[in-house]
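As stored in data_5.txt (compact mmCIF, C-alpha atoms):
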```txt
# COMPACT_ATOMS: atom_id res chain seq x y z
CA MET N 1 0.00 0.00 0.00
CA TYR N 2 2.72 2.49 1.02
CA ARG N 3 4.79 1.25 -1.89
CA GLN N 4 1.98 2.01 -4.33
CA LEU N 5 1.40 5.44 -2.77
CA ALA N 6 5.10 6.21 -3.08
CA LEU N 7 5.04 5.07 -6.71
CA LEU N 8 2.02 7.31 -7.36
CA MET N 9 3.84 10.28 -5.83
CA VAL N 10 6.92 9.64 -7.96
CA LEU N 11 4.78 9.36 -11.08
CA LEU N 12 2.91 12.58 -10.26
CA VAL N 13 6.14 14.50 -9.66
CA ALA N 14 7.74 13.13 -12.84
CA GLY N 15 4.57 13.91 -14.80
CA ALA N 16 4.47 17.47 -13.43
CA ILE N 17 8.11 18.04 -14.43
CA LEU N 18 7.50 16.68 -17.93
CA THR N 19 4.32 18.78 -18.34
CA LEU N 20 6.26 21.84 -17.23
CA ALA N 21 8.94 21.05 -19.82
CA VAL N 22 6.34 20.63 -22.58
CA THR N 23 4.87 24.08 -21.92
CA ASP N 24 8.32 25.49 -22.64
CA MET N 25 8.36 24.02 -26.16
CA PRO N 26 7.67 26.27 -29.16
CA ALA N 27 4.08 26.32 -30.41
CA PHE N 28 3.11 23.76 -33.06
CA GLY N 29 4.08 25.08 -36.49
CA ASP N 30 5.85 28.12 -35.05
CA PRO N 31 8.09 29.44 -37.86
CA GLY N 32 10.53 30.87 -35.31
CA ALA N 33 11.19 27.50 -33.64
CA PRO N 34 14.86 26.47 -33.63
CA ALA N 35 14.07 23.31 -35.61
CA HIS N 36 12.65 25.45 -38.44
CA ARG N 37 15.52 27.91 -38.60
CA HIS N 38 18.56 25.63 -38.82
CA VAL N 39 18.70 23.60 -42.06
CA ALA N 40 15.01 23.52 -43.00
CA PRO N 41 15.00 26.82 -44.99
CA ARG N 42 17.96 25.63 -47.03
CA TYR N 43 16.24 22.33 -47.87
CA ILE N 44 13.04 24.14 -48.82
CA GLU N 45 14.83 26.66 -51.02
CA MET N 46 17.51 24.44 -52.58
CA ALA N 47 16.13 20.87 -52.60
CA TYR N 48 14.60 21.04 -56.07
CA ARG N 49 17.46 23.03 -57.57
CA GLU N 50 20.16 20.78 -56.15
CA THR N 51 18.57 17.35 -56.54
CA GLY N 52 16.03 17.79 -59.34
CA VAL N 53 13.47 15.85 -57.30
CA PRO N 54 10.07 17.52 -56.72
CA ASN N 55 9.33 15.43 -53.62
CA MET N 56 11.33 17.21 -50.94
CA VAL N 57 10.89 14.37 -48.45
CA THR N 58 12.53 11.89 -50.82
CA ALA N 59 15.27 14.39 -51.62
CA ILE N 60 16.12 14.69 -47.92
CA LEU N 61 15.80 10.96 -47.16
CA ALA N 62 17.79 9.68 -50.12
CA ASP N 63 20.22 12.53 -50.73
CA TYR N 64 20.90 14.96 -47.88
CA ARG N 65 20.28 12.29 -45.24
CA GLY N 66 21.25 9.34 -47.42
CA TYR N 67 23.70 8.15 -44.81
CA ASP N 68 20.86 7.75 -42.30
CA THR N 69 18.78 5.81 -44.79
CA LEU N 70 21.72 3.53 -45.55
CA GLY N 71 22.04 2.90 -41.82
CA GLU N 72 18.32 2.12 -41.62
CA LEU N 73 18.66 -0.36 -44.43
CA THR N 74 21.68 -1.94 -42.74
CA VAL N 75 19.69 -2.32 -39.51
CA MET N 76 16.90 -4.07 -41.41
CA PHE N 77 19.35 -6.30 -43.27
CA THR N 78 21.09 -7.26 -40.04
CA ALA N 79 17.76 -7.95 -38.33
CA CYS N 80 16.65 -10.13 -41.24
CA ALA N 81 19.96 -12.04 -41.21
CA ALA N 82 19.71 -12.58 -37.45
CA VAL N 83 16.10 -13.81 -37.60
CA LEU N 84 16.90 -16.12 -40.50
CA SER N 85 19.96 -17.55 -38.77
CA VAL N 86 17.79 -18.39 -35.75
CA LEU N 87 14.89 -19.82 -37.77
CA LEU N 88 16.96 -21.76 -40.30
CA GLY N 89 19.41 -23.00 -37.68
CA ARG N 90 16.57 -24.47 -35.63
CA LYS N 91 15.14 -26.25 -38.66
CA ARG N 92 18.44 -27.88 -39.57
CA ARG N 93 18.94 -29.37 -36.12
CA MET W 1 -7.58 -24.93 -47.11
CA THR W 2 -9.22 -21.65 -48.24
CA THR W 3 -12.27 -21.37 -50.49
CA VAL W 4 -12.15 -20.98 -54.24
CA ILE W 5 -13.53 -17.41 -53.89
CA ILE W 6 -10.55 -16.32 -51.81
CA ARG W 7 -8.06 -18.09 -54.06
CA THR W 8 -9.50 -16.56 -57.25
CA THR W 9 -9.70 -13.07 -55.74
CA ALA W 10 -6.12 -13.27 -54.50
CA ARG W 11 -4.87 -14.55 -57.84
CA ILE W 12 -6.58 -11.71 -59.74
CA LEU W 13 -5.60 -9.03 -57.20
CA ALA W 14 -1.93 -10.00 -56.79
CA PRO W 15 -0.64 -8.58 -60.12
CA PHE W 16 -2.46 -5.30 -59.54
CA ILE W 17 -1.07 -5.03 -56.01
CA GLN W 18 2.41 -5.67 -57.37
CA LEU W 19 1.93 -3.10 -60.13
CA PHE W 20 0.75 -0.53 -57.57
CA GLY W 21 3.78 -1.35 -55.40
CA LEU W 22 6.13 -0.79 -58.35
CA TYR W 23 4.31 2.49 -59.08
CA VAL W 24 4.83 3.64 -55.49
CA ILE W 25 8.55 2.73 -55.68
CA VAL W 26 9.22 4.38 -59.03
CA HIS W 27 7.16 7.46 -58.20
CA GLY W 28 8.99 7.97 -54.92
CA PRO W 29 10.88 11.06 -56.17
CA ILE W 30 7.66 12.68 -57.45
CA SER W 31 4.79 11.70 -55.16
CA PRO W 32 4.45 10.44 -51.58
CA GLY W 33 5.84 6.94 -51.28
CA GLY W 34 9.20 5.44 -52.01
CA GLY W 35 11.22 2.30 -51.58
CA PHE W 36 10.10 1.35 -48.10
CA GLN W 37 6.38 1.77 -48.75
CA GLY W 38 6.36 0.26 -52.23
CA GLY W 39 8.54 -2.65 -51.14
CA VAL W 40 6.11 -3.49 -48.36
CA ILE W 41 3.20 -3.42 -50.84
CA VAL W 42 4.95 -5.81 -53.25
CA GLY W 43 5.95 -8.06 -50.36
CA ALA W 44 2.36 -8.03 -49.09
CA SER W 45 1.13 -9.38 -52.43
CA LEU W 46 3.37 -12.42 -51.92
CA ILE W 47 2.05 -12.80 -48.37
CA LEU W 48 -1.51 -12.63 -49.75
CA LEU W 49 -0.70 -15.51 -52.11
CA ALA W 50 0.86 -17.49 -49.27
CA LEU W 51 -2.24 -16.96 -47.13
CA SER W 52 -4.81 -17.77 -49.80
CA TYR W 53 -2.99 -20.72 -51.39
CA ASP W 54 -0.22 -22.24 -49.31
CA LEU W 55 3.39 -21.51 -48.52
CA ALA W 56 4.71 -23.81 -51.24
CA SER W 57 3.02 -21.87 -54.06
CA ALA W 58 4.37 -18.57 -52.74
CA GLU W 59 7.82 -20.16 -52.49
CA ALA W 60 7.48 -21.32 -56.09
CA ARG W 61 6.96 -17.72 -57.27
CA ALA W 62 9.95 -16.34 -55.37
CA GLY W 63 12.21 -19.00 -53.91
CA HIS W 64 14.33 -18.64 -50.82
CA ALA W 65 17.61 -18.22 -52.71
CA ILE W 66 16.13 -15.55 -55.01
CA ARG W 67 14.72 -13.59 -52.07
CA ILE W 68 18.00 -13.71 -50.16
CA ALA W 69 19.83 -12.59 -53.31
CA MET W 70 17.37 -9.69 -53.77
CA ASP W 71 17.75 -8.73 -50.12
CA SER W 72 21.53 -8.53 -50.40
CA THR W 73 21.42 -6.88 -53.83
CA GLY W 74 19.25 -4.06 -52.54
CA SER W 75 21.61 -3.22 -49.69
CA LEU W 76 24.71 -3.58 -51.86
CA LEU W 77 23.23 -1.39 -54.61
CA PHE W 78 22.55 1.39 -52.11
CA ALA W 79 26.03 1.19 -50.61
CA GLY W 80 27.49 0.79 -54.12
CA ILE W 81 25.92 4.05 -55.32
CA GLY W 82 27.37 5.73 -52.24
CA LEU W 83 30.79 4.28 -53.03
CA LEU W 84 30.47 5.30 -56.69
CA SER W 85 30.55 8.96 -55.72
CA LEU W 86 33.52 8.19 -53.48
CA LEU W 87 35.32 6.65 -56.48
CA ALA W 88 34.43 9.66 -58.63
CA GLY W 89 36.39 11.84 -56.24
CA GLY W 90 33.62 13.22 -54.04
CA VAL W 91 32.51 12.39 -50.53
CA PHE W 92 30.46 9.30 -49.64
CA MET W 93 26.88 9.55 -50.96
CA ASP W 94 27.36 12.89 -52.73
CA TYR W 95 25.92 11.68 -56.02
CA GLY W 96 26.18 14.92 -57.94
CA ILE W 97 29.84 14.24 -58.69
CA ILE W 98 29.25 10.94 -60.54
CA PRO W 99 30.45 11.58 -64.11
CA LEU W 100 27.40 11.18 -66.35
CA PRO W 101 26.56 13.37 -69.36
CA LEU W 102 23.80 15.13 -67.42
CA PRO W 103 23.50 18.21 -65.20
CA ALA W 104 24.46 17.49 -61.59
CA ALA W 105 20.88 17.91 -60.34
CA GLN W 106 19.64 15.28 -62.78
CA VAL W 107 22.41 12.86 -61.84
CA ARG W 108 21.25 13.23 -58.26
CA ALA W 109 17.61 12.68 -59.27
CA LEU W 110 18.62 9.52 -61.15
CA MET W 111 20.60 8.19 -58.21
CA ILE W 112 17.71 8.96 -55.83
CA LEU W 113 15.45 6.92 -58.11
CA LEU W 114 17.98 4.05 -58.19
CA ILE W 115 18.28 4.15 -54.41
CA GLY W 116 14.49 4.04 -54.10
CA MET W 117 14.45 0.93 -56.28
CA ALA W 118 17.27 -0.65 -54.26
CA ILE W 119 15.33 -0.03 -51.04
CA GLY W 120 12.17 -1.41 -52.65
CA VAL W 121 13.86 -4.65 -53.73
CA HIS W 122 15.44 -5.04 -50.30
CA ILE W 123 12.23 -4.43 -48.31
CA MET W 124 10.12 -6.61 -50.60
CA ALA W 125 12.48 -9.56 -50.10
CA LEU W 126 12.78 -8.88 -46.38
CA VAL W 127 9.03 -8.68 -45.66
CA SER W 128 8.15 -11.81 -47.64
CA THR W 129 11.14 -13.78 -46.30
CA LEU W 130 10.33 -13.02 -42.69
CA PHE W 131 6.67 -13.95 -43.17
CA LEU W 132 7.31 -17.16 -45.09
CA HIS W 133 9.87 -18.47 -42.62
CA MET W 134 7.82 -17.63 -39.56
CA ALA W 135 4.69 -19.16 -41.13
CA GLU W 136 6.64 -22.33 -41.95
CA ASP W 137 6.96 -23.07 -38.24
CA HIS W 138 3.19 -23.06 -37.76
CA GLU W 139 2.38 -25.47 -40.56
```

How does this structure look as structure tokens?
Amino acid sequence: MYRQLALLMVLLVAGAILTLAVTDMPAFGDPGAPAHRHVAPRYIEMAYRETGVPNMVTAILADYRGYDTLGELTVMFTACAAVLSVLLGRKRR
Amino acid sequence: MTTVIIRTTARILAPFIQLFGLYVIVHGPISPGGGFQGGVIVGASLILLALSYDLASAEARAGHAIRIAMDSTGSLLFAGIGLLSLLAGGVFMDYGIIPLPLPAAQVRALMILLIGMAIGVHIMALVSTLFLHMAEDHE
């Protein structure tokens, strides 16, 4: 009982801190937010001119952030290899 | 196991699903979509066949060795295009430097399309392989 009450208190305090932190975030869609002032304007202005691809999302995923996408693909490939080695190894035994 | 209605519907639908998947992959640079989404759609058509017929008929359409080869080819093609720009004297994955008789922006667009196709092939093989091997255990 005391344990659960203590847990509830901890959760309430942690929740209050997180809620307080969220109120400090920039408003949704705020053009002045730091995330929208760093590289986003350059992508929006230059993506089509530099990559010749109308879909800006694809231009960022496959070109500007191609390294990330390659890493994603490597993760998937490794996961597939691991799952297959488990499944096929069990069948052979 | 399944009824003739399900089998016939799946057989008629599968080519259209695959065509739509290829459309989503190839149109990745122009419209929403891309390799990941289109690859999953094409892989799902194989899963649909495996569910409506049986695993053996899905295996017959795309065997284990072919799927593993496609899986590896997709990853290698992506990394290979990245290395190509390294060989051409640029930095890794900076495709604009690859020497083709095209403006740099169009070389990049072409390489983005190729990378989308590589991802599509990889994801299609991955999704269907994982499903077929996990379903094998339950048969």

**Message:** I need the residue nearest W:Ala50 from this list: W:Leu19, W:Leu132, W:Val26, W:Ile81. Use all atoms listed in the file for the distance.
**Reply:** W:Leu132

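Using only C-alpha atoms, the chain N residues found within 9 Å of chain W amount to Tyr48, Arg49, Glu50, Thr51, Gly52, Val53, Pro54, Asn55, Met56, Val57, Thr58, Ala59, Ala62, Asp63, Tyr64, Gly66, Tyr67, Leu70, Leu73, Thr74, Met76, Phe77, Cys80, Val83, Leu84, Leu87, Leu88 and Lys91 of chain N.
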
**Message:** Please report the interatomic distance between atom CA of W:Ile6 and atom CA of W:Ala62 in Å with one decimal.
**Reply:**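 That distance, rounded to one decimal, is 20.8 Å.
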
**Request:** Go ahead and compute the interatomic distance for atom CA of N:Ala79 and atom CA of W:Val121, in Å to one decimal.
**Result:**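 Those two atoms sit 16.2 Å apart.
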
**Request:** Find the distance between atom CA of N:Met25 and atom CA of N:Val39 and write it in Å to one decimal.
**Result:**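 These atoms are spaced 19.0 Å apart.
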
**Asked** Which of these residues is nearest to N:Arg65, using all atoms listed in the file: N:Gly15, N:Tyr43, N:Ser85, N:Asp30?
**Response** N:Tyr43

Since the input is missing atoms, can you rebuild N, CA and C atoms for stretch 45-61 of chain N and write them as a compact mmCIF listing (two decimals), keeping the file's coordinate frame?
```txt
# COMPACT_ATOMS: atom_id res chain seq x y z
N GLU N 45 14.47 25.80 -49.90
CA GLU N 45 14.83 26.66 -51.02
C GLU N 45 15.64 25.92 -52.08
N MET N 46 16.53 25.00 -51.64
CA MET N 46 17.51 24.44 -52.58
C MET N 46 17.22 23.01 -53.01
N ALA N 47 16.29 22.31 -52.34
CA ALA N 47 16.13 20.87 -52.60
C ALA N 47 15.86 20.60 -54.08
N TYR N 48 14.92 21.34 -54.67
CA TYR N 48 14.60 21.04 -56.07
C TYR N 48 15.75 21.44 -56.99
N ARG N 49 16.39 22.57 -56.70
CA ARG N 49 17.46 23.03 -57.57
C ARG N 49 18.67 22.10 -57.50
N GLU N 50 18.95 21.59 -56.31
CA GLU N 50 20.16 20.78 -56.15
C GLU N 50 19.96 19.32 -56.54
N THR N 51 18.76 18.78 -56.30
CA THR N 51 18.57 17.35 -56.54
C THR N 51 17.67 17.05 -57.73
N GLY N 52 16.91 18.04 -58.21
CA GLY N 52 16.03 17.79 -59.34
C GLY N 52 14.87 16.88 -59.01
N VAL N 53 14.57 16.73 -57.72
CA VAL N 53 13.47 15.85 -57.30
C VAL N 53 12.37 16.71 -56.68
N PRO N 54 11.14 16.66 -57.25
CA PRO N 54 10.07 17.52 -56.72
C PRO N 54 9.65 17.15 -55.31
N ASN N 55 9.75 15.86 -54.95
CA ASN N 55 9.33 15.43 -53.62
C ASN N 55 10.45 15.70 -52.62
N MET N 56 10.25 16.76 -51.84
CA MET N 56 11.33 17.21 -50.94
C MET N 56 11.67 16.15 -49.90
N VAL N 57 10.65 15.40 -49.47
CA VAL N 57 10.89 14.37 -48.45
C VAL N 57 11.86 13.32 -48.98
N THR N 58 11.63 12.87 -50.22
CA THR N 58 12.53 11.89 -50.82
C THR N 58 13.92 12.48 -51.01
N ALA N 59 13.98 13.75 -51.41
CA ALA N 59 15.27 14.39 -51.62
C ALA N 59 16.08 14.39 -50.32
N ILE N 60 15.41 14.67 -49.20
CA ILE N 60 16.12 14.69 -47.92
C ILE N 60 16.50 13.28 -47.51
N LEU N 61 15.55 12.33 -47.63
CA LEU N 61 15.80 10.96 -47.16
C LEU N 61 16.90 10.29 -47.96
```
